[in-house]
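Asks: Dropping a structure here in structure tokens format, bear with me for questions.
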Amino acid sequence: MHRSRLAAIVIDSRTDDLDREAAFWSAALGWPASSPAGADRYRDIDVAEGQPKVLLQQVEHESRVHLDIETDDIEAEVTRLEALGAKRVAQVKRWWVMEAPSGQRFCVVPPQRSDFPAGANEWP
């Protein structure tokens with residue numbers, strides 16, 4: 001058995017000024033932005049407790065939005081998603097970039113939110 005849930009909405013931004021992008025999204029969503037320690041290419045939007053994270057990521061590819069699914073067993077979750085029709089695209093550090101049957105990219109990551117596994121689904 002393993003558990004998984006939606007961890008984050010990731011705003012991939014092709015930009016030279018991530019702080020400007022963070023200021024925009026902070027104002028648009030009404031939540032403050034912060035810089036995670038040691039993460040030059042990332043900014044957090046500090047959402048209300050219990051909400052999925054909103055993360056800005058500076059990228060080289062076209063700007064887009066993707067989801068992160070957090071799990072306590074990455075291989076089991078990736079295998080479950082493959083059975084539903086997803087494909088592995090690339091392993092990055094400790095997580096997998098996946099592609100849904102219709103082409104959207106998403107990531108399967110280790111637990112990201114401090115309250116994991118609250119609200120997570122349990123899978124056989």
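Identifiers in the structure tokens: chain A, B, ... in order shown; residue index from 1 per chain; ligand index from 1 in order shown.
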As a short mmCIF file (atom, residue, chain, number, x, y, z; two decimals) with C-alpha atoms, in the first residue's frame, which residues of stretch 59-98 of chain A does DSSP assign to strand (DSSP E)?
Replies:
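Result went into result-v4.cif, see below:
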```cif
data_model
loop_
_atom_site.label_atom_id
_atom_site.label_comp_id
_atom_site.auth_asym_id
_atom_site.auth_seq_id
_atom_site.Cartn_x
_atom_site.Cartn_y
_atom_site.Cartn_z
CA ARG A 64 3.18 26.53 -18.57
CA VAL A 65 1.57 25.18 -15.42
CA HIS A 66 1.99 21.63 -14.15
CA LEU A 67 0.93 19.60 -11.13
CA ASP A 68 3.07 17.75 -8.60
CA ILE A 69 1.69 14.58 -7.02
CA GLU A 70 3.38 13.74 -3.72
CA THR A 71 3.71 10.16 -2.55
CA LYS A 87 4.27 7.63 -19.53
CA ARG A 88 7.60 8.23 -17.83
CA VAL A 89 9.45 11.13 -19.45
CA ALA A 90 12.52 11.69 -17.29
CA GLN A 91 13.84 11.02 -13.83
CA VAL A 92 15.10 14.20 -12.15
CA TRP A 95 11.27 12.42 -8.76
CA TRP A 96 9.73 11.51 -12.12
CA VAL A 97 8.43 13.78 -14.86
CA MET A 98 5.40 12.05 -16.33
#
```
Asks: I need the residues of chain A that end up classed as alpha helix (DSSP H) by DSSP on the backbone, written out as a list of chain:residue names.
Replies: A:Leu18, A:Asp19, A:Arg20, A:Glu21, A:Ala22, A:Ala23, A:Phe24, A:Trp25, A:Ser26, A:Ala27, A:Ala28, A:Leu29, A:Ile74, A:Glu75, A:Ala76, A:Glu77, A:Val78, A:Thr79, A:Arg80, A:Leu81, A:Glu82, A:Ala83
Asks: If we count only C-alpha atoms and set the cut-off at 12 Å, which residues sit around A:Ala33, ignoring sequence neighbours fewer than 5 positions away in its own chain? Please answer as a PyMOL selection string.
Replies: chain A and resi 18-28+42-47+53-56
Asks: For A:Asp12, which of A:Glu60, A:Glu75, A:Glu122, A:Asp40 is the closest residue, counting only C-alpha atoms?
Replies: A:Glu60
Asks: Counting only C-alpha atoms, figure out which residue out of A:Gly103, A:Asp17, A:Pro124, A:Val108 gets nearest to A:Gln58.
Replies: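 Ranked by minimum distance to A:Gln58, first place goes to A:Asp17.
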Asks: Find the residues near A:Asp115: any atom within 12 Å, counting only C-alpha atoms, skip ones fewer than 2 places away on the same chain, and give them as a list in words.
Replies: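 Result of the neighbour search: Arg5, Ala7, Glu49, Gly50, Gln51, Pro52, Lys53, Glu70, Pro111, Gln112, Arg113, Pro117, Ala118, Gly119 and Ala120 of chain A.
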Asks: For atom CA of A:Glu82 and atom CA of A:Ser114, quote the distance in Å rounded to one decimal.
Replies: 26.9 Å
Asks: Kindly give the distance, in Å, that separates atom CA of A:Asn121 and atom CA of A:Leu84, rounded to a single decimal.
Replies: 15.7 Å
